[in-house]
Each structure stands twice: as C-alpha cells, then as structure tokens.
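Raw my_file.pdb, PDB, C-alpha atoms:
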ATOM      1  CA  MET A   1      38.024 208.302 126.434
ATOM      2  CA  ASN A   2      34.703 208.562 128.255
ATOM      3  CA  ILE A   3      31.969 210.780 126.849
ATOM      4  CA  ILE A   4      29.524 212.644 129.106
ATOM      5  CA  MET A   5      26.316 214.205 127.779
ATOM      6  CA  THR A   6      25.415 217.568 129.295
ATOM      7  CA  ARG A   7      21.883 219.002 129.609
ATOM      8  CA  ALA A   8      22.292 221.074 126.473
ATOM      9  CA  GLY A   9      23.044 217.872 124.572
ATOM     10  CA  THR A  10      26.667 218.709 123.877
ATOM     11  CA  GLU A  11      29.334 216.153 124.519
ATOM     12  CA  THR A  12      32.323 216.765 126.724
ATOM     13  CA  SER A  13      35.309 214.579 127.340
ATOM     14  CA  SER A  14      36.053 213.346 130.844
ATOM     15  CA  HIS A  15      39.617 212.541 129.833
ATOM     16  CA  THR A  16      42.056 214.383 132.064
ATOM     17  CA  ILE A  17      44.825 216.512 130.629
ATOM     18  CA  PRO A  18      48.279 215.911 132.143
ATOM     19  CA  GLU A  19      49.410 218.619 134.560
ATOM     20  CA  GLU A  20      52.413 219.614 132.442
ATOM     21  CA  PHE A  21      50.071 220.560 129.577
ATOM     22  CA  LYS A  22      47.646 222.403 131.878
ATOM     23  CA  ALA A  23      50.503 224.308 133.526
ATOM     24  CA  ASN A  24      51.580 225.654 130.129
ATOM     25  CA  GLY A  25      48.055 226.666 129.103
ATOM     26  CA  PHE A  26      47.266 223.860 126.650
ATOM     27  CA  GLY A  27      43.802 222.311 126.673
ATOM     28  CA  ILE A  28      44.801 219.064 124.983
ATOM     29  CA  SER A  29      47.641 216.571 125.337
ATOM     30  CA  ALA A  30      49.968 215.425 122.572
ATOM     31  CA  ASP A  31      48.412 211.936 122.587
ATOM     32  CA  ASP A  32      44.886 213.306 122.173
ATOM     33  CA  ALA A  33      45.970 215.664 119.384
ATOM     34  CA  SER A  34      47.742 212.886 117.497
ATOM     35  CA  SER A  35      44.759 210.526 117.877
ATOM     36  CA  ILE A  36      42.530 213.143 116.217
ATOM     37  CA  ALA A  37      44.968 213.469 113.305
ATOM     38  CA  GLU A  38      45.547 209.727 112.913
ATOM     39  CA  SER A  39      41.934 208.568 113.165
ATOM     40  CA  HIS A  40      40.492 211.067 110.635
ATOM     41  CA  ASN A  41      37.327 210.879 112.754
ATOM     42  CA  PRO A  42      35.264 214.093 112.578
ATOM     43  CA  GLU A  43      33.463 213.157 115.810
ATOM     44  CA  LYS A  44      36.713 213.430 117.768
ATOM     45  CA  LEU A  45      37.313 216.846 116.265
ATOM     46  CA  THR A  46      33.775 217.912 117.162
ATOM     47  CA  LEU A  47      34.372 216.853 120.787
ATOM     48  CA  HIS A  48      37.113 219.472 120.993
ATOM     49  CA  GLY A  49      35.010 222.265 119.491
ATOM     50  CA  GLY A  50      35.891 221.789 115.843
ATOM     51  CA  VAL A  51      38.903 223.365 114.187
ATOM     52  CA  ASP A  52      38.622 226.627 116.115
ATOM     53  CA  GLY A  53      38.227 224.843 119.455
ATOM     54  CA  LEU A  54      41.211 222.624 118.763
ATOM     55  CA  ALA A  55      43.286 225.639 117.714
ATOM     56  CA  ALA A  56      42.372 227.381 120.972
ATOM     57  CA  LYS A  57      43.370 224.300 122.990
ATOM     58  CA  LEU A  58      46.710 224.241 121.155
ATOM     59  CA  LYS A  59      47.222 227.989 121.729
ATOM     60  CA  THR A  60      47.433 228.811 118.044
ATOM     61  CA  CYS A  61      45.538 230.851 115.446
ATOM     62  CA  THR A  62      43.928 229.357 112.340
ATOM     63  CA  THR A  63      44.896 232.388 110.231
ATOM     64  CA  ASN A  64      48.258 233.513 111.638
ATOM     65  CA  GLY A  65      49.667 230.276 113.039
ATOM     66  CA  LEU A  66      52.012 230.313 116.014
ATOM     67  CA  ALA A  67      53.117 233.567 117.565
ATOM     68  CA  MET A  68      55.809 232.819 120.130
ATOM     69  CA  ASP A  69      59.264 233.445 121.441
ATOM     70  CA  ASP A  70      62.124 230.967 121.836
ATOM     71  CA  GLN A  71      61.025 229.937 125.332
ATOM     72  CA  GLU A  72      57.521 229.012 124.162
ATOM     73  CA  LEU A  73      58.936 227.146 121.162
ATOM     74  CA  THR A  74      61.154 225.101 123.475
ATOM     75  CA  CYS A  75      58.161 224.374 125.710
ATOM     76  CA  ARG A  76      56.053 223.214 122.712
ATOM     77  CA  GLN A  77      58.863 220.992 121.454
ATOM     78  CA  GLN A  78      59.264 219.365 124.866
ATOM     79  CA  LEU A  79      55.531 218.707 125.240
ATOM     80  CA  PHE A  80      54.487 217.897 121.669
ATOM     81  CA  GLY A  81      57.801 216.919 120.061
ATOM     82  CA  THR A  82      59.322 218.257 116.868
ATOM     83  CA  ASN A  83      57.517 218.073 113.560
ATOM     84  CA  GLU A  84      60.124 216.024 111.695
ATOM     85  CA  PHE A  85      60.171 212.709 109.927
ATOM     86  CA  THR A  86      62.878 210.307 110.941
ATOM     87  CA  GLU A  87      64.953 209.448 107.920
ATOM     88  CA  ARG A  88      65.321 205.760 107.221
ATOM     89  CA  GLU A  89      68.576 204.134 106.206
ATOM     90  CA  ARG A  90      68.965 204.062 102.431
ATOM     91  CA  LEU A  91      68.956 200.648 100.787
ATOM     92  CA  SER A  92      71.450 199.628  98.133
ATOM     93  CA  PHE A  93      70.526 198.644  94.590
ATOM     94  CA  TRP A  94      71.278 194.990  95.314
ATOM     95  CA  VAL A  95      68.782 194.890  98.175
ATOM     96  CA  PHE A  96      66.078 195.971  95.726
ATOM     97  CA  VAL A  97      67.210 193.310  93.225
ATOM     98  CA  TYR A  98      67.078 190.645  95.949
ATOM     99  CA  GLU A  99      63.597 191.752  97.088
ATOM    100  CA  THR A 100      62.353 191.777  93.495
ATOM    101  CA  LEU A 101      63.614 188.239  92.917
ATOM    102  CA  GLN A 102      61.575 187.076  95.922
ATOM    103  CA  ASP A 103      58.448 187.747  93.824
ATOM    104  CA  MET A 104      57.656 184.687  91.687
ATOM    105  CA  THR A 105      56.247 186.785  88.816
ATOM    106  CA  HIS A 106      59.476 188.755  88.427
ATOM    107  CA  THR A 107      61.548 185.585  88.642
ATOM    108  CA  VAL A 108      59.517 183.917  85.868
ATOM    109  CA  LEU A 109      59.802 187.027  83.670
ATOM    110  CA  ALA A 110      63.577 187.188  84.193
ATOM    111  CA  VAL A 111      63.964 183.502  83.259
ATOM    112  CA  CYS A 112      61.790 184.011  80.155
ATOM    113  CA  ALA A 113      63.914 186.993  79.072
ATOM    114  CA  PHE A 114      67.095 184.943  79.520
ATOM    115  CA  VAL A 115      65.677 182.023  77.506
ATOM    116  CA  SER A 116      64.582 184.443  74.774
ATOM    117  CA  LEU A 117      68.102 185.894  74.664
ATOM    118  CA  ILE A 118      69.704 182.445  74.322
ATOM    119  CA  VAL A 119      67.233 181.277  71.648
ATOM    120  CA  GLY A 120      67.658 184.536  69.687
ATOM    121  CA  ILE A 121      71.464 184.269  69.693
ATOM    122  CA  ALA A 122      71.313 180.552  68.784
ATOM    123  CA  THR A 123      68.977 181.056  65.810
ATOM    124  CA  GLU A 124      70.051 184.425  64.365
ATOM    125  CA  GLY A 125      73.601 184.906  65.613
ATOM    126  CA  TRP A 126      75.172 187.346  68.057
ATOM    127  CA  PRO A 127      74.309 190.877  67.044
ATOM    128  CA  THR A 128      70.841 190.321  65.557
ATOM    129  CA  GLY A 129      69.642 187.561  67.899
ATOM    130  CA  SER A 130      70.478 189.478  71.044
ATOM    131  CA  HIS A 131      67.885 192.166  70.230
ATOM    132  CA  ASP A 132      64.995 189.831  71.041
ATOM    133  CA  GLY A 133      66.275 188.994  74.538
ATOM    134  CA  LEU A 134      67.403 192.461  75.476
TER     135      LEU A 134
END
Would you encode the structure as structure tokens?
Amino acid sequence: MNIIMTRAGTETSSHTIPEEFKANGFGISADDASSIAESHNPEKLTLHGGVDGLAAKLKTCTTNGLAMDDQELTCRQQLFGTNEFTERERLSFWVFVYETLQDMTHTVLAVCAFVSLIVGIATEGWPTGSHDGL
C-alpha cells in the first residue's frame, strides 16, 4: 500500500478499492479490513480515520452496529464473507496418546512409572506395591 502525504500533513492511501465494493458504498475492501485486524498496527487504523472512519467505510455504526435488511446482509456476506470459524475434524484419544509419546520427556516419564510399578509389586507384593507405580 502506497502512502501519499498531503499538504495538511495527513496521510492518505493510494490503494484502489475494487469496483464491487465501491458500487455497494463501502470505502474499504475485505482484504484491507482484515489486514488492519490481523496486524494490530494502529498506524493502519489511523490511515482509515481511526475507529469512526473505519466504521464509516464499512457502513456501520460504533454504537448501534449494523442496520440492514436481508438484501444488504446478503451483499455484505458476498463481499466480506461470513463471520464463522471453520470447525476442524475432532481427533481421537489415541491420536493424542501417539502425539504425546513423540515427546521424549513424556516417554521417559512413562517408562519410569512402569519401572516403579514393577519394582513396587516385586518388593511389596500385588496390592501394596502397585500403589507406588500407579
């Protein structure tokens, strides 16, 4: 994104907004909006006029949120996408056991617990000796 200094000393962006966003009245594209959120850079936010300027470019209100009908909601979802996390596939218990055993520290601790169990049973017998290893 190129930055241009104006006479008043304020910065403006020379980055062009895609026509589909301009046609629907938005002053910022989805990529630019997400880069502001992801970078956590206050300078990028300042370039767009701060929170109020960004809200105006997104056609929203900082106090009341979005005021729209179904057609505008559909338009926003097509341009900016839906605000949902994609759910990952759940892993089984055995996958976690396998991943844990790939760590050398956990493997050494598991072997030590097993040795302690065997030594406890060998020296004190089954019910009492198993308490040390378990």
Show me, as a tab-separated table, the residues of range 50-77 of chain A having an atom within 10 Å of range 28-41 of chain A, each with the closest atom pair and its distance in Å, using only C-alpha atoms.
residue	atom	partner	partner_atom	distance
A:Leu54	CA	A:Ile28	CA	8.0
A:Ala55	CA	A:Ile28	CA	9.9
A:Ala56	CA	A:Ile28	CA	9.5
A:Lys57	CA	A:Ile28	CA	5.8
A:Leu58	CA	A:Ile28	CA	6.7
A:Lys59	CA	A:Ile28	CA	9.8
A:Arg76	CA	A:Ala30	CA	9.9
(request) Mind giving me the straight-line distance from CA of Cys61 in chain A to CA of Pro42 in chain A in Å, one decimal? (result) 19.9 Å
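In this structure, CA of Ala23 in chain A sits 23.6 Å away from CA of Lys44 in chain A.
Counting only C-alpha atoms and comparing A:Leu91, A:Glu72, A:Asn64, A:Gly27, the residue that lies closest to His48 in chain A is A:Gly27.
Going from CA of Leu66 in chain A to CA of Thr86 in chain A covers 23.3 Å.
Between Gly53 in chain A and the residues A:Thr128, A:Ile121, A:Phe26, A:Cys75, the shortest atom-to-atom distance, using all atoms listed in the file, involves A:Phe26.
Proximity to Gln78 in chain A was assessed for A:Thr16, A:Asn24, A:Gln102, A:Thr107 counting all atoms listed in the file; the smallest distance is recorded for A:Asn24.
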(message) When you count all atoms listed in the file, which of these residues is closest to Phe21 in chain A: A:Val111, A:Gln71, A:Leu45, A:Gln77?
(response) A:Gln77
Please write a file for range 35-117 of chain A, taken from the block I just shared, that holds C-alpha atoms and is laid out as a compact mmCIF listing (two decimals), in the first residue's frame.
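Just written: out.txt:
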# COMPACT_ATOMS: atom_id res chain seq x y z
CA SER A 35 -5.05 -6.68 7.30
CA ILE A 36 -5.92 -3.98 9.86
CA ALA A 37 -7.36 -6.59 12.23
CA GLU A 38 -4.53 -9.10 11.75
CA SER A 39 -1.60 -6.69 12.00
CA HIS A 40 -2.75 -4.93 15.21
CA ASN A 41 -0.98 -1.87 13.78
CA PRO A 42 -2.52 1.41 14.99
CA GLU A 43 -0.94 3.28 12.07
CA LYS A 44 -3.06 1.32 9.59
CA LEU A 45 -6.16 2.18 11.59
CA THR A 46 -5.16 5.84 11.65
CA LEU A 47 -4.81 5.81 7.84
CA HIS A 48 -8.51 4.99 7.61
CA GLY A 49 -9.60 7.72 10.02
CA GLY A 50 -9.48 5.76 13.25
CA VAL A 51 -12.35 3.67 14.55
CA ASP A 52 -15.03 6.10 13.40
CA GLY A 53 -13.51 6.43 9.92
CA LEU A 54 -13.26 2.67 9.55
CA ALA A 55 -16.85 2.25 10.74
CA ALA A 56 -17.99 4.78 8.14
CA LYS A 57 -16.08 2.94 5.40
CA LEU A 58 -17.76 -0.31 6.48
CA LYS A 59 -21.20 1.36 6.56
CA THR A 60 -21.79 0.60 10.22
CA CYS A 61 -22.30 2.48 13.50
CA THR A 62 -19.99 2.16 16.50
CA THR A 63 -22.93 2.35 18.93
CA ASN A 64 -25.79 0.59 17.13
CA GLY A 65 -23.95 -1.84 14.87
CA LEU A 66 -25.43 -2.90 11.55
CA ALA A 67 -28.84 -1.70 10.48
CA MET A 68 -29.84 -3.56 7.34
CA ASP A 69 -32.34 -5.69 5.51
CA ASP A 70 -31.86 -9.18 4.07
CA GLN A 71 -30.60 -7.85 0.73
CA GLU A 72 -27.84 -5.80 2.37
CA LEU A 73 -26.88 -8.74 4.60
CA THR A 74 -26.53 -10.96 1.53
CA CYS A 75 -24.41 -8.28 -0.16
CA ARG A 76 -22.11 -7.99 2.91
CA GLN A 77 -21.72 -11.77 3.12
CA GLN A 78 -20.78 -11.99 -0.56
CA LEU A 79 -18.21 -9.19 -0.30
CA PHE A 80 -16.76 -9.75 3.18
CA GLY A 81 -17.66 -13.38 3.86
CA THR A 82 -19.43 -14.81 6.89
CA ASN A 83 -18.10 -14.35 10.39
CA GLU A 84 -17.71 -18.03 11.25
CA PHE A 85 -14.87 -20.26 12.28
CA THR A 86 -14.40 -23.42 10.29
CA GLU A 87 -14.65 -26.37 12.61
CA ARG A 88 -11.74 -28.76 12.48
CA GLU A 89 -12.10 -32.52 12.48
CA ARG A 90 -12.04 -33.91 16.01
CA LEU A 91 -9.09 -36.12 16.92
CA SER A 92 -9.45 -39.40 18.76
CA PHE A 93 -7.92 -40.13 22.15
CA TRP A 94 -5.33 -42.42 20.59
CA VAL A 95 -4.04 -39.66 18.32
CA PHE A 96 -3.32 -37.58 21.42
CA VAL A 97 -1.58 -40.55 23.07
CA TYR A 98 0.56 -41.07 19.96
CA GLU A 99 1.48 -37.36 19.78
CA THR A 100 2.35 -37.32 23.48
CA LEU A 101 4.64 -40.33 23.09
CA GLN A 102 6.56 -38.44 20.38
CA ASP A 103 7.83 -36.13 23.15
CA MET A 104 10.94 -37.65 24.76
CA THR A 105 10.13 -36.22 28.21
CA HIS A 106 6.74 -37.94 28.32
CA THR A 107 8.24 -41.19 27.08
CA VAL A 108 10.90 -41.16 29.82
CA LEU A 109 8.28 -40.40 32.48
CA ALA A 110 6.04 -43.24 31.26
CA VAL A 111 8.96 -45.70 31.35
CA CYS A 112 9.91 -44.53 34.86
CA ALA A 113 6.32 -45.02 36.07
CA PHE A 114 6.26 -48.54 34.59
CA VAL A 115 9.59 -49.44 36.23
CA SER A 116 8.32 -48.06 39.55
CA LEU A 117 5.19 -50.20 39.24
